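Pasting run.cif here (mmCIF, C-alpha atoms):
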```cif
data_upload
loop_
_atom_site.label_atom_id
_atom_site.label_comp_id
_atom_site.auth_asym_id
_atom_site.auth_seq_id
_atom_site.Cartn_x
_atom_site.Cartn_y
_atom_site.Cartn_z
CA MET A 1 -24.58 40.45 17.01
CA VAL A 2 -26.35 37.58 18.76
CA GLY A 3 -24.08 34.56 18.03
CA LEU A 4 -24.17 31.66 20.49
CA ASP A 5 -25.96 31.99 23.79
CA ILE A 6 -25.95 29.34 26.52
CA GLN A 7 -27.60 29.68 29.92
CA GLY A 8 -27.42 27.25 32.82
CA LEU A 9 -26.19 24.26 30.82
CA VAL A 10 -26.05 21.07 32.86
CA VAL A 11 -24.82 17.72 31.56
CA ARG A 12 -25.00 14.71 33.84
CA ARG A 13 -23.25 11.37 33.63
CA GLY A 14 -24.80 9.11 36.21
CA SER A 15 -25.16 11.19 39.35
CA ALA A 16 -22.18 13.46 38.52
CA ASN A 17 -22.61 16.85 36.88
CA ILE A 18 -19.97 17.08 34.14
CA LEU A 19 -21.20 20.56 33.30
CA ASP A 20 -22.82 22.33 36.22
CA GLY A 21 -24.57 25.45 35.02
CA VAL A 22 -22.45 26.77 32.17
CA ASP A 23 -23.25 30.27 30.94
CA LEU A 24 -21.57 31.34 27.73
CA HIS A 25 -22.09 34.02 25.13
CA ILE A 26 -20.08 34.34 21.94
CA PRO A 27 -21.03 37.27 19.72
CA CYS A 28 -21.27 36.85 15.98
CA GLY A 29 -17.69 36.63 14.66
CA GLY A 30 -16.29 36.36 18.19
CA THR A 31 -13.75 33.87 19.47
CA VAL A 32 -13.71 32.07 22.80
CA VAL A 33 -11.06 29.59 23.86
CA VAL A 34 -11.90 27.31 26.77
CA VAL A 35 -8.93 25.88 28.62
CA GLY A 36 -9.01 23.19 31.26
CA GLU A 37 -7.44 20.00 32.42
CA SER A 38 -8.16 16.66 30.79
CA GLY A 39 -11.51 15.39 32.03
CA ALA A 40 -12.75 18.88 32.89
CA GLY A 41 -15.65 18.52 30.47
CA LYS A 42 -14.34 20.52 27.51
CA THR A 43 -15.34 17.95 24.87
CA THR A 44 -18.65 17.39 26.66
CA LEU A 45 -19.40 21.12 26.34
CA LEU A 46 -18.81 21.06 22.57
CA LYS A 47 -20.81 17.85 22.08
CA ALA A 48 -23.70 19.25 24.10
CA ILE A 49 -23.74 22.41 21.96
CA ASP A 50 -23.82 20.22 18.81
CA LEU A 51 -26.51 17.99 20.41
CA LEU A 52 -24.30 14.91 20.17
CA ILE A 53 -25.15 14.41 23.82
CA SER A 54 -28.30 15.60 25.53
CA PRO A 55 -28.05 18.18 28.31
CA ALA A 56 -30.11 17.69 31.47
CA GLU A 57 -30.86 21.40 31.89
CA GLY A 58 -30.23 24.72 30.23
CA VAL A 59 -31.11 26.86 27.26
CA MET A 60 -29.11 27.12 24.03
CA SER A 61 -29.73 29.41 21.11
CA ILE A 62 -27.80 30.37 18.03
CA ASN A 63 -28.33 33.69 16.25
CA GLY A 64 -31.51 34.18 18.24
CA LEU A 65 -32.95 30.75 17.41
CA LYS A 66 -33.56 28.82 20.61
CA TYR A 67 -32.84 25.15 19.83
CA TRP A 68 -32.57 23.52 23.25
CA GLU A 69 -34.53 24.13 26.44
CA GLY A 70 -34.53 21.95 29.56
CA GLN A 71 -34.37 18.41 28.26
CA ARG A 72 -35.82 18.81 24.82
CA VAL A 73 -34.68 19.88 21.40
CA LEU A 74 -36.82 22.58 19.80
CA VAL A 75 -35.70 22.19 16.18
CA ARG A 76 -34.49 19.24 14.10
CA PRO A 77 -30.93 18.40 15.26
CA GLU A 78 -29.83 18.02 11.62
CA ALA A 79 -30.96 21.58 10.92
CA ILE A 80 -29.08 23.07 13.87
CA ARG A 81 -25.96 21.06 13.00
CA GLY A 82 -25.99 22.77 9.62
CA ASP A 83 -25.29 25.98 11.52
CA ILE A 84 -22.50 24.39 13.55
CA GLY A 85 -19.21 23.08 12.19
CA PHE A 86 -17.39 20.59 14.41
CA VAL A 87 -13.72 19.60 14.15
CA PHE A 88 -12.90 16.70 16.44
CA GLN A 89 -9.72 15.95 18.32
CA GLU A 90 -9.28 12.63 16.51
CA ILE A 91 -9.07 12.54 12.75
CA ASN A 92 -12.72 11.90 11.96
CA LEU A 93 -12.69 11.89 8.18
CA VAL A 94 -14.92 9.26 6.63
CA PRO A 95 -12.26 6.67 5.68
CA HIS A 96 -13.78 5.43 2.41
CA LEU A 97 -14.19 8.93 0.94
CA THR A 98 -11.52 11.14 -0.61
CA ALA A 99 -10.68 14.53 0.91
CA LEU A 100 -12.99 16.27 -1.57
CA GLU A 101 -15.79 13.73 -1.07
CA ASN A 102 -15.52 14.24 2.69
CA ILE A 103 -15.96 17.97 2.26
CA GLU A 104 -18.75 17.53 -0.27
CA LEU A 105 -20.57 15.10 2.01
CA ARG A 106 -21.38 17.97 4.35
CA ALA A 107 -21.68 20.50 1.58
CA LYS A 108 -24.29 18.50 -0.33
CA VAL A 109 -26.36 17.97 2.77
CA ILE A 110 -26.23 21.46 4.15
CA ALA A 111 -25.50 24.03 1.53
CA GLY A 112 -26.52 22.70 -1.86
CA ARG A 113 -24.28 22.02 -4.80
CA SER A 114 -24.12 25.44 -6.50
CA ARG A 115 -23.09 27.32 -3.36
CA VAL A 116 -20.37 24.78 -2.69
CA SER A 117 -18.73 25.11 -6.10
CA ALA A 118 -18.41 28.84 -5.68
CA GLU A 119 -16.54 28.66 -2.38
CA MET A 120 -14.75 25.34 -2.57
CA SER A 121 -11.69 26.52 -4.46
CA ASP A 122 -11.14 29.46 -2.09
CA LEU A 123 -11.51 27.18 0.89
CA LEU A 124 -9.12 24.54 -0.46
CA SER A 125 -6.60 27.22 -1.29
CA ALA A 126 -6.82 28.87 2.14
CA LEU A 127 -6.30 25.52 3.83
CA ASP A 128 -3.42 24.58 1.52
CA LEU A 129 -5.27 21.55 0.20
CA VAL A 130 -5.03 22.19 -3.53
CA GLY A 131 -3.72 19.02 -5.21
CA LYS A 132 -4.75 16.83 -2.29
CA GLU A 133 -8.46 16.66 -3.10
CA GLN A 134 -8.40 13.10 -4.44
CA ARG A 135 -6.38 11.61 -1.59
CA TYR A 136 -8.00 9.27 0.90
CA PRO A 137 -7.60 9.94 4.64
CA ASP A 138 -4.99 7.16 4.91
CA GLU A 139 -2.93 8.98 2.28
CA LEU A 140 -2.92 12.29 4.19
CA SER A 141 -0.64 13.37 7.02
CA GLY A 142 -2.23 14.20 10.38
CA GLY A 143 -2.00 17.93 9.67
CA GLU A 144 -3.48 17.58 6.18
CA ALA A 145 -6.32 15.42 7.48
CA GLN A 146 -7.12 17.98 10.17
CA ARG A 147 -7.13 20.76 7.55
CA VAL A 148 -9.59 18.70 5.48
CA ALA A 149 -11.73 18.37 8.60
CA ILE A 150 -11.65 22.16 9.02
CA ALA A 151 -12.63 22.62 5.36
CA ARG A 152 -15.48 20.15 5.85
CA ALA A 153 -16.72 22.05 8.89
CA LEU A 154 -16.51 25.42 7.15
CA VAL A 155 -17.87 24.53 3.71
CA SER A 156 -21.47 25.07 4.75
CA ALA A 157 -20.60 28.55 6.08
CA PRO A 158 -21.84 27.72 9.58
CA ARG A 159 -22.63 30.34 12.20
CA LEU A 160 -20.48 28.58 14.80
CA LEU A 161 -17.26 26.58 14.52
CA LEU A 162 -16.39 24.17 17.33
CA LEU A 163 -12.75 23.06 17.60
CA ASP A 164 -11.97 20.22 19.98
CA GLU A 165 -8.22 20.12 20.73
CA ILE A 166 -7.57 20.06 17.00
CA THR A 167 -3.79 20.33 17.25
CA SER A 168 -3.14 18.16 20.29
CA ALA A 169 -2.28 15.07 18.22
CA LEU A 170 0.04 16.96 15.84
CA ASP A 171 3.73 17.80 15.94
CA VAL A 172 4.78 21.44 16.40
CA LEU A 173 5.28 22.12 12.69
CA ASN A 174 1.87 20.72 11.79
CA GLN A 175 0.26 22.60 14.70
CA GLU A 176 1.58 25.87 13.26
CA ARG A 177 0.45 25.00 9.73
CA VAL A 178 -3.04 24.05 10.88
CA LEU A 179 -3.41 27.25 12.89
CA ALA A 180 -2.09 29.40 10.03
CA SER A 181 -4.49 27.70 7.62
CA LEU A 182 -7.35 28.13 10.06
CA LYS A 183 -6.71 31.88 10.28
CA LYS A 184 -6.67 32.18 6.49
CA ALA A 185 -9.83 30.11 6.12
CA ARG A 186 -11.60 32.12 8.76
CA GLU A 187 -10.97 35.29 6.83
CA LEU A 188 -13.34 33.84 4.24
CA TYR A 189 -16.06 33.63 6.89
CA PRO A 190 -15.53 36.61 9.26
CA GLU A 191 -19.04 36.34 10.66
CA ILE A 192 -18.49 32.85 12.09
CA SER A 193 -18.28 32.57 15.87
CA LEU A 194 -15.55 30.28 17.11
CA LEU A 195 -15.41 28.15 20.22
CA ALA A 196 -12.22 26.18 20.75
CA VAL A 197 -11.23 23.99 23.65
CA THR A 198 -7.65 23.10 24.46
CA HIS A 199 -5.25 22.21 27.21
CA LEU A 200 -2.36 23.78 25.25
CA SER A 201 -1.55 27.36 26.22
CA SER A 202 0.25 27.85 22.88
CA PHE A 203 -3.01 27.15 21.04
CA SER A 204 -5.03 29.64 23.08
CA GLU A 205 -2.36 32.32 22.60
CA SER A 206 -2.14 31.69 18.88
CA ILE A 207 -5.84 31.72 18.12
CA GLY A 208 -6.59 34.82 20.17
CA GLY A 209 -9.99 35.87 21.53
CA ARG A 210 -11.42 35.60 25.01
CA ILE A 211 -9.97 32.85 27.20
CA LEU A 212 -12.18 31.06 29.73
CA ARG A 213 -11.27 28.35 32.20
CA LEU A 214 -13.50 25.30 32.69
CA GLU A 215 -13.28 24.04 36.23
CA ALA A 216 -15.67 21.90 38.30
CA GLY A 217 -18.19 22.04 35.47
CA ARG A 218 -18.30 25.84 35.30
CA LEU A 219 -16.66 28.53 33.19
CA PHE A 220 -14.52 31.26 34.75
CA ASP A 221 -12.74 34.27 33.27
CA MET B 1 2.76 -46.41 -8.67
CA MET B 2 -0.38 -46.59 -10.79
CA SER B 3 1.40 -47.36 -14.05
CA GLY B 4 -0.55 -50.59 -14.28
CA TYR B 5 -3.89 -48.78 -14.17
CA ASP B 6 -5.51 -48.26 -17.52
CA TRP B 7 -6.70 -44.65 -17.37
CA ASP B 8 -9.73 -44.02 -19.54
CA PHE B 9 -11.76 -40.84 -19.46
CA SER B 10 -13.60 -41.58 -22.69
CA PHE B 11 -16.53 -43.14 -20.83
CA LEU B 12 -17.38 -39.64 -19.59
CA THR B 13 -18.14 -38.39 -23.11
CA PRO B 14 -21.87 -39.28 -22.98
CA TYR B 15 -22.11 -37.64 -19.55
CA ILE B 16 -20.61 -34.25 -20.52
CA GLY B 17 -24.09 -32.74 -20.76
CA ALA B 18 -25.05 -34.17 -17.37
CA LEU B 19 -21.81 -32.89 -15.83
CA ALA B 20 -22.39 -29.41 -17.29
CA ARG B 21 -25.91 -29.43 -15.83
CA GLY B 22 -24.40 -30.63 -12.54
CA VAL B 23 -22.00 -27.67 -12.55
CA CYS B 24 -24.94 -25.35 -13.17
CA VAL B 25 -26.84 -26.91 -10.23
CA THR B 26 -23.77 -26.48 -7.98
CA ILE B 27 -23.34 -22.82 -9.01
CA TRP B 28 -27.09 -22.16 -8.70
CA ILE B 29 -27.34 -23.60 -5.17
CA ALA B 30 -24.20 -21.76 -4.01
CA CYS B 31 -25.04 -18.38 -5.57
CA ALA B 32 -28.78 -18.35 -4.80
CA SER B 33 -28.29 -19.30 -1.16
CA PHE B 34 -25.39 -16.86 -0.77
CA VAL B 35 -27.32 -13.90 -2.20
CA VAL B 36 -30.67 -14.61 -0.50
CA GLY B 37 -29.01 -15.60 2.79
CA THR B 38 -26.86 -12.46 2.80
CA VAL B 39 -29.87 -10.21 2.15
CA ILE B 40 -31.99 -11.91 4.83
CA GLY B 41 -29.10 -11.94 7.29
CA THR B 42 -28.22 -8.28 6.74
CA LEU B 43 -31.83 -7.15 7.16
CA ALA B 44 -32.23 -9.34 10.25
CA SER B 45 -29.04 -7.97 11.77
CA ALA B 46 -30.35 -4.43 11.34
CA PHE B 47 -33.60 -5.20 13.17
CA LEU B 48 -33.04 -8.18 15.49
CA PRO B 49 -30.74 -6.56 18.05
CA ARG B 50 -33.10 -3.57 18.37
CA THR B 51 -36.16 -5.67 19.23
CA LYS B 52 -37.32 -6.41 22.75
CA PHE B 53 -36.14 -9.99 22.40
CA GLY B 54 -32.92 -9.09 20.59
CA ASN B 55 -30.60 -11.13 22.78
CA ALA B 56 -32.94 -14.14 22.69
CA MET B 57 -33.09 -13.91 18.90
CA LEU B 58 -29.30 -13.80 18.70
CA LEU B 59 -29.18 -16.89 20.91
CA ILE B 60 -31.55 -18.68 18.50
CA ASN B 61 -29.26 -17.57 15.69
CA ASP B 62 -26.31 -19.11 17.53
CA ALA B 63 -28.32 -22.34 17.87
CA VAL B 64 -28.99 -22.42 14.12
CA ARG B 65 -25.29 -21.92 13.45
CA ALA B 66 -24.49 -24.84 15.73
CA VAL B 67 -26.43 -27.28 13.53
CA PRO B 68 -24.16 -28.99 10.95
CA ILE B 69 -25.16 -28.11 7.41
CA LEU B 70 -25.72 -31.80 6.56
CA VAL B 71 -28.22 -32.09 9.42
CA LEU B 72 -29.86 -28.83 8.33
CA LEU B 73 -30.15 -30.25 4.84
CA PHE B 74 -31.95 -33.39 6.07
CA MET B 75 -34.18 -31.32 8.36
CA VAL B 76 -35.32 -29.11 5.50
CA TYR B 77 -35.70 -31.99 3.05
CA TYR B 78 -37.68 -34.24 5.37
CA PHE B 79 -39.69 -31.45 7.00
CA PRO B 80 -43.46 -32.18 6.76
CA TRP B 81 -44.16 -29.17 4.56
CA LYS B 82 -47.60 -30.41 3.53
CA MET B 83 -48.81 -30.99 7.07
CA ALA B 84 -47.25 -27.83 8.45
CA PHE B 85 -47.95 -25.33 5.68
CA GLY B 86 -50.10 -27.20 3.14
CA ILE B 87 -47.42 -27.02 0.46
CA LYS B 88 -45.90 -29.91 -1.43
CA PRO B 89 -42.54 -31.30 -0.24
CA LEU B 90 -39.49 -29.45 -1.46
CA GLY B 91 -37.42 -30.98 -4.26
CA PRO B 92 -33.72 -31.68 -3.65
CA ILE B 93 -32.47 -28.48 -5.32
CA VAL B 94 -34.94 -26.16 -3.56
CA ALA B 95 -34.38 -27.94 -0.23
CA SER B 96 -30.62 -27.47 -0.71
CA ILE B 97 -31.03 -23.77 -1.47
CA VAL B 98 -33.29 -23.32 1.59
CA ALA B 99 -30.84 -25.15 3.89
CA PHE B 100 -27.81 -23.23 2.64
CA THR B 101 -29.77 -19.96 2.76
CA ILE B 102 -30.57 -20.57 6.44
CA ALA B 103 -26.89 -21.28 7.15
CA GLN B 104 -25.76 -18.22 5.18
CA ALA B 105 -28.34 -15.94 6.84
CA ALA B 106 -27.38 -17.11 10.33
CA TYR B 107 -23.71 -16.57 9.57
CA THR B 108 -24.41 -13.11 8.09
CA VAL B 109 -26.39 -12.04 11.17
CA ASP B 110 -23.47 -13.00 13.38
CA LEU B 111 -20.99 -11.21 11.15
CA ALA B 112 -23.07 -8.05 10.65
CA VAL B 113 -23.95 -7.66 14.33
CA GLY B 114 -20.26 -8.02 15.17
CA ALA B 115 -19.30 -5.46 12.50
CA LEU B 116 -21.93 -2.99 13.71
CA ARG B 117 -20.82 -3.34 17.31
CA GLY B 118 -17.23 -2.89 16.19
CA LEU B 119 -17.88 0.55 14.72
CA PRO B 120 -16.50 3.31 16.95
CA THR B 121 -18.89 5.87 18.46
CA ARG B 122 -17.02 8.60 16.59
CA ALA B 123 -18.24 7.15 13.28
CA TRP B 124 -21.83 7.97 14.23
CA GLU B 125 -20.79 11.28 15.82
CA THR B 126 -19.01 12.30 12.63
CA GLY B 127 -22.09 11.65 10.50
CA ALA B 128 -24.38 13.41 12.97
CA SER B 129 -22.10 16.45 13.28
CA LEU B 130 -22.18 16.83 9.49
CA GLY B 131 -25.93 17.32 9.68
CA LEU B 132 -26.81 13.96 8.15
CA SER B 133 -30.09 12.24 9.06
CA SER B 134 -30.00 8.79 10.68
CA THR B 135 -30.69 7.13 7.32
CA GLU B 136 -27.94 9.14 5.64
CA ILE B 137 -25.48 8.35 8.44
CA TRP B 138 -26.22 4.67 7.97
CA ARG B 139 -26.05 4.80 4.17
CA LYS B 140 -23.11 7.16 3.62
CA VAL B 141 -20.95 6.77 6.71
CA LEU B 142 -21.57 3.42 8.43
CA ALA B 143 -22.77 0.89 5.83
CA PRO B 144 -19.71 1.16 3.55
CA SER B 145 -17.50 0.28 6.53
CA VAL B 146 -19.76 -2.56 7.62
CA ILE B 147 -19.60 -4.00 4.09
CA ARG B 148 -15.81 -3.72 4.09
CA LEU B 149 -15.64 -5.39 7.50
CA MET B 150 -17.91 -8.24 6.41
CA LEU B 151 -16.77 -8.89 2.86
CA PRO B 152 -13.55 -10.89 3.43
CA ALA B 153 -15.32 -13.24 5.86
CA GLN B 154 -18.32 -13.50 3.54
CA MET B 155 -16.06 -14.45 0.65
CA ALA B 156 -14.46 -17.16 2.78
CA PHE B 157 -17.92 -18.48 3.69
CA PHE B 158 -18.97 -18.42 0.02
CA ILE B 159 -15.95 -20.54 -0.86
CA GLY B 160 -17.05 -22.92 1.89
CA ILE B 161 -20.58 -23.02 0.49
CA ILE B 162 -19.36 -23.89 -3.02
CA ARG B 163 -17.45 -26.85 -1.61
CA LEU B 164 -20.21 -27.84 0.77
CA THR B 165 -22.76 -28.04 -2.05
CA SER B 166 -21.16 -31.44 -2.69
CA ILE B 167 -23.22 -32.84 0.18
CA THR B 168 -26.51 -31.98 -1.53
CA SER B 169 -26.15 -35.20 -3.53
CA VAL B 170 -27.18 -37.13 -0.39
CA ILE B 171 -30.75 -35.93 -0.87
CA GLY B 172 -30.55 -36.41 -4.63
CA ALA B 173 -29.74 -32.91 -5.90
CA PRO B 174 -28.26 -33.51 -9.38
CA ASP B 175 -25.02 -31.61 -8.80
CA VAL B 176 -21.59 -32.64 -10.13
CA VAL B 177 -21.03 -35.07 -7.26
CA PHE B 178 -24.34 -36.80 -7.97
CA VAL B 179 -23.40 -37.14 -11.66
CA ALA B 180 -19.94 -38.47 -10.73
CA GLN B 181 -21.44 -41.06 -8.41
CA THR B 182 -23.86 -42.20 -11.10
CA THR B 183 -21.27 -42.39 -13.88
CA GLY B 184 -18.67 -44.01 -11.63
CA ASN B 185 -21.11 -46.70 -10.54
CA GLN B 186 -22.27 -47.38 -14.09
CA SER B 187 -18.81 -47.55 -15.65
CA TYR B 188 -16.78 -48.97 -12.76
CA ARG B 189 -14.35 -46.08 -13.37
CA ALA B 190 -14.93 -44.12 -10.21
CA ILE B 191 -11.44 -42.59 -9.91
CA GLU B 192 -11.64 -40.90 -13.30
CA ALA B 193 -15.07 -39.50 -12.45
CA TRP B 194 -13.88 -38.18 -9.09
CA LEU B 195 -10.75 -36.65 -10.63
CA VAL B 196 -12.91 -34.74 -13.07
CA VAL B 197 -15.17 -33.57 -10.25
CA GLY B 198 -12.12 -32.50 -8.25
CA LEU B 199 -10.90 -30.52 -11.25
CA ILE B 200 -14.31 -28.88 -11.63
CA TYR B 201 -14.24 -27.77 -7.98
CA ILE B 202 -10.69 -26.41 -8.42
CA LEU B 203 -11.88 -24.39 -11.42
CA LEU B 204 -14.91 -23.13 -9.49
CA VAL B 205 -13.21 -22.30 -6.20
CA THR B 206 -9.73 -21.06 -7.18
CA PRO B 207 -10.86 -17.85 -8.97
CA VAL B 208 -13.04 -16.94 -5.99
CA THR B 209 -10.13 -17.65 -3.62
CA VAL B 210 -7.80 -15.44 -5.67
CA LEU B 211 -10.44 -12.69 -5.76
CA ALA B 212 -10.97 -12.99 -2.00
CA ARG B 213 -7.22 -12.70 -1.35
CA ARG B 214 -6.91 -9.65 -3.62
CA LEU B 215 -9.88 -8.06 -1.92
CA ASP B 216 -8.47 -8.76 1.52
CA GLN B 217 -5.20 -7.04 0.60
CA SER B 218 -6.77 -4.12 -1.26
CA ASP B 219 -6.75 -0.51 -0.04
CA TRP B 220 -10.46 -0.45 -0.77
CA VAL B 221 -11.29 -2.93 1.97
CA LYS B 222 -8.88 -1.29 4.45
CA ARG B 223 -10.58 2.10 4.15
CA ARG B 224 -13.07 1.62 6.94
CA TRP B 225 -13.72 2.83 10.49
#
```
What would you get if you wrote out this structure as structure tokens?
Amino acid sequence: MVGLDIQGLVVRRGSANILDGVDLHIPCGGTVVVVGESGAGKTTLLKAIDLLISPAEGVMSINGLKYWEGQRVLVRPEAIRGDIGFVFQEINLVPHLTALENIELRAKVIAGRSRVSAEMSDLLSALDLVGKEQRYPDELSGGEAQRVAIARALVSAPRLLLLDEITSALDVLNQERVLASLKKARELYPEISLLAVTHLSSFSESIGGRILRLEAGRLFD
Amino acid sequence: MMSGYDWDFSFLTPYIGALARGVCVTIWIACASFVVGTVIGTLASAFLPRTKFGNAMLLINDAVRAVPILVLLFMVYYFPWKMAFGIKPLGPIVASIVAFTIAQAAYTVDLAVGALRGLPTRAWETGASLGLSSTEIWRKVLAPSVIRLMLPAQMAFFIGIIRLTSITSVIGAPDVVFVAQTTGNQSYRAIEAWLVVGLIYILLVTPVTVLARRLDQSDWVKRRW
């Protein structure tokens, strides 16, 4: 039950500490929702965990594998990102690839073809994407595109799923559909730890789990 | 208005072979310089900005782009190749290809650097978050968008190159213009010769223009970061 473990995470931008000693533990299969105002550092926290930005201090490990210490990465970033699925706030589907190709892009890299085929249909069904596989991102609604992004993040069966304000750009109906689909999809991968950040109280209530508040670069219960 | 003029295109009959060869020379100069220039320019754009003297190199590139293609053509043709590199002077066709290649490469560098800088940070972040290596991010996520961003402008430049090949006759490249000049001078029927050359250029350029317009309006080219 090790999951994600973060100790003393510091991220600096110039002389300011965006994150100022974040400690966080999410057990395997656990859910944590981080709430905070815009600019509190929520996205920075997720990007630091996924090594999209480099922390200045701290230790990060996932399922017992320490991958960041101080200012250096201890394993190949590509390898650790295989264990982490990331769904961005903006629709970040690769625009020249269809929905299925977007999902397969990650699947081929991380999981290997045979494993993908076995789980793909279940995943598409759970996320209500059957029949939309061949559509390009510009042919999908915002909610559909975000569900494709969730499928893409989950297809490699990661150990940790990071959700960055995934419903904030959607209308209420699409927010509900995305959250319902997410719950169904997660049932396929019960062992995945989930870390979501949001400024919407409705999101944190709907997704459940432990709620933490990010303030002045630190996490509080 | 010109009803009194006795139109006669029959004098061109002996020159049909020369005109056909001229068309081939025009197409060869345009296509060879476009392909080689695009490859050189794309490779240069990938490396130049990253080097220590990246900005200086881009400034040199701007300087090259400032030189009119006719001047570039003379510079290449009259360059002392033998004294500088120990090789024999370039013939008119090769000199034309070299000059147009330089122009195309310089233009491509400018275009590609602009396209790369125009890509949003989230494009790279998306590729990285998927677990792709830097090479894979470039190949599968970024490059297809860069190509889509560059292609309409490249097509427009290619159309320009086809038309600009007409100036290669000033250094003696045997393109269609050179053949028209020769036949017109020999037969004293310049207008017929130039009308035929105009028609040839219409036939060469119009399909590319139509293709470029279709491409510009296609969903394919719009699907980019």
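Here CA of Ser125 in chain A is placed at a distance of 23.2 Å from CA of Glu165 in chain A.
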Q | A:Leu97, A:Ala126, A:Ile103, A:Ile192 ranked by distance to Ala180 in chain A, top pick (using only C-alpha atoms) | A | A:Ala126
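When all atoms listed in the file are used to measure the gap to chain B, the shortest distance among A:Leu214, A:Val11, A:Ala48, A:Leu179 belongs to A:Ala48.
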Q.
Can you tell me which residues surround Pro92 in chain B at a distance of at most 12 Å, considering all atoms listed in the file, apart from same-chain residues fewer than 6 positions away, and format the answer as an MDAnalysis selection string?
A. chainID B and resid 25 29 73:74 76:78 98:99 165 167:175 178
Q) Between CA of Gly142 in chain A and CA of Asp171 in chain A, what is the distance, to one decimal in Å? A) 8.9 Å
Q: Select residues of chain A: the criterion is any atom within 10 Å of an atom of chain B, counting only C-alpha atoms; output as an MDAnalysis selection string.
A: chainID A and resid 47 50:53 76:88 90:97 102:103 105:110 136:138 152:153 156
(Q) When you count all atoms listed in the file, which of these residues is closest to Gly22 in chain B: B:Ile93, B:Gln104, B:Arg139, B:Leu119? (A) B:Ile93
